[in-house]
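Since the structure comes first, as C-alpha cells, the remarks are kept for the end.
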Amino acid sequence: MFVAKGSSTPIDEPQGELPKACDDPGASVCLPPSEFVDRLCESPRQDVALALFAHGTPFTRGYLRGKLDELAWDEEVLLVRFRTPKTTGVIVGSNLGSYDVLRWDGTCSRAIEAEMVTRTRPPQPTTARIRWHRMSARIQDALVSASDPVKRARSRRGKECKGAMTGEVSATCDNADEGLTRAVVDYVRSVGEMPAPDPIP
C-alpha cells in the first residue's frame, strides 16, 4: 500500500505480472527471472504453479529420473533455476550442476542434481498432488466452470472427503483427491485458461 501525493487515501500497489519469456533466450533451458524465483519459492503458491505450468508457457519442463525425497519417479517439474557446478572444494557426484524446481503443488525443491533430471517426457509423467484448499476461490470457481471433469472430480472429492483437507483420510477420499489432481492437471496442460493468480510474487 502507498499514499498518493496530496491524498490521505491508501492506494493498492500495482500487481506484478507473471513472467512470460525466458530470462536468457540464448540458454539451453528456459528459466523464469531469478528475482521472481526468489519470491516464488518463499512459500507454497498453488495458483501461481498452475499458471506457470499452463499450456503454452515457455518454461522448460523436467522429469525425475528416480525417486528423490518427496519427489516421485517420472514426476513433472518446472525448471526455475540452474546452479552451476562447483569448481573448488570437495566435489561429490558427477558435478553437472543442479536445478531448483517448481512442483505442481506450488512448492519448490532446491538443488536437485542435474543428472536426476531429464527433459525427455516419459509416457505417463506423474505430478505432485494438487492442493485444492490452497487455491483461491476465484481460481477454484474458474476451473469448475471451465472443465466438466474438474467439476465432477470436485463434487466427488467433496462427497468422499466430507471437507477434510489434510491428515488421516479414507482410501476413497484419497482416491477422489487423486482424481481431482488428474482432472486439474489435464485441464491446465491441455487448455490452461484461468484468471491470473493474485497475488503474484
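Following the order of the C-alpha cells, chains are lettered A, B, ..., residues in each are numbered from 1, and ligands are numbered from 1.
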
Surrounding residues of region 113-121 of chain A excluding itself and chain neighbours under 3 positions, 6 Å, only C-alpha atoms, as a list in words: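 Neighbouring residues, sequence-local ones excluded: Gly62, Tyr63, Leu64, Arg65, Leu96, Gly97 and Ser98 of chain A.
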
Using only C-alpha atoms, which residues sit within 12 Å of His133 (chain A) once same-chain residues fewer than 6 positions away are excluded, as a list of chain:residue names? A:Pro44, A:Arg45, A:Gln46, A:Asp47, A:Asp105, A:Ile139, A:Gln140, A:Arg154, A:Arg157, A:Gly158, A:Gly163, A:Ala164, A:Met165, A:Thr166, A:Asp177, A:Leu180, A:Thr181

Please identify which residues in region 16-152 of chain A DSSP calls strand (DSSP E or B) from the backbone, and express them as a ChimeraX atom specification. /A:61-64,68,71,75-83,98-102,108-113,117-118,126

Residue set, chain A restricted to helix (DSSP H, G or I), as a PyMOL selection string: chain A and resi 34-40+46-53+114-116+132-134+137-146+148-161+171-190

Measuring between only C-alpha atoms, which one of A:Met194, A:Leu102, A:Cys30, A:Ala137 shows the shortest distance to Glu42 (chain A)?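 Checking each candidate against Glu42 (chain A), we get A:Leu102 as the closest.
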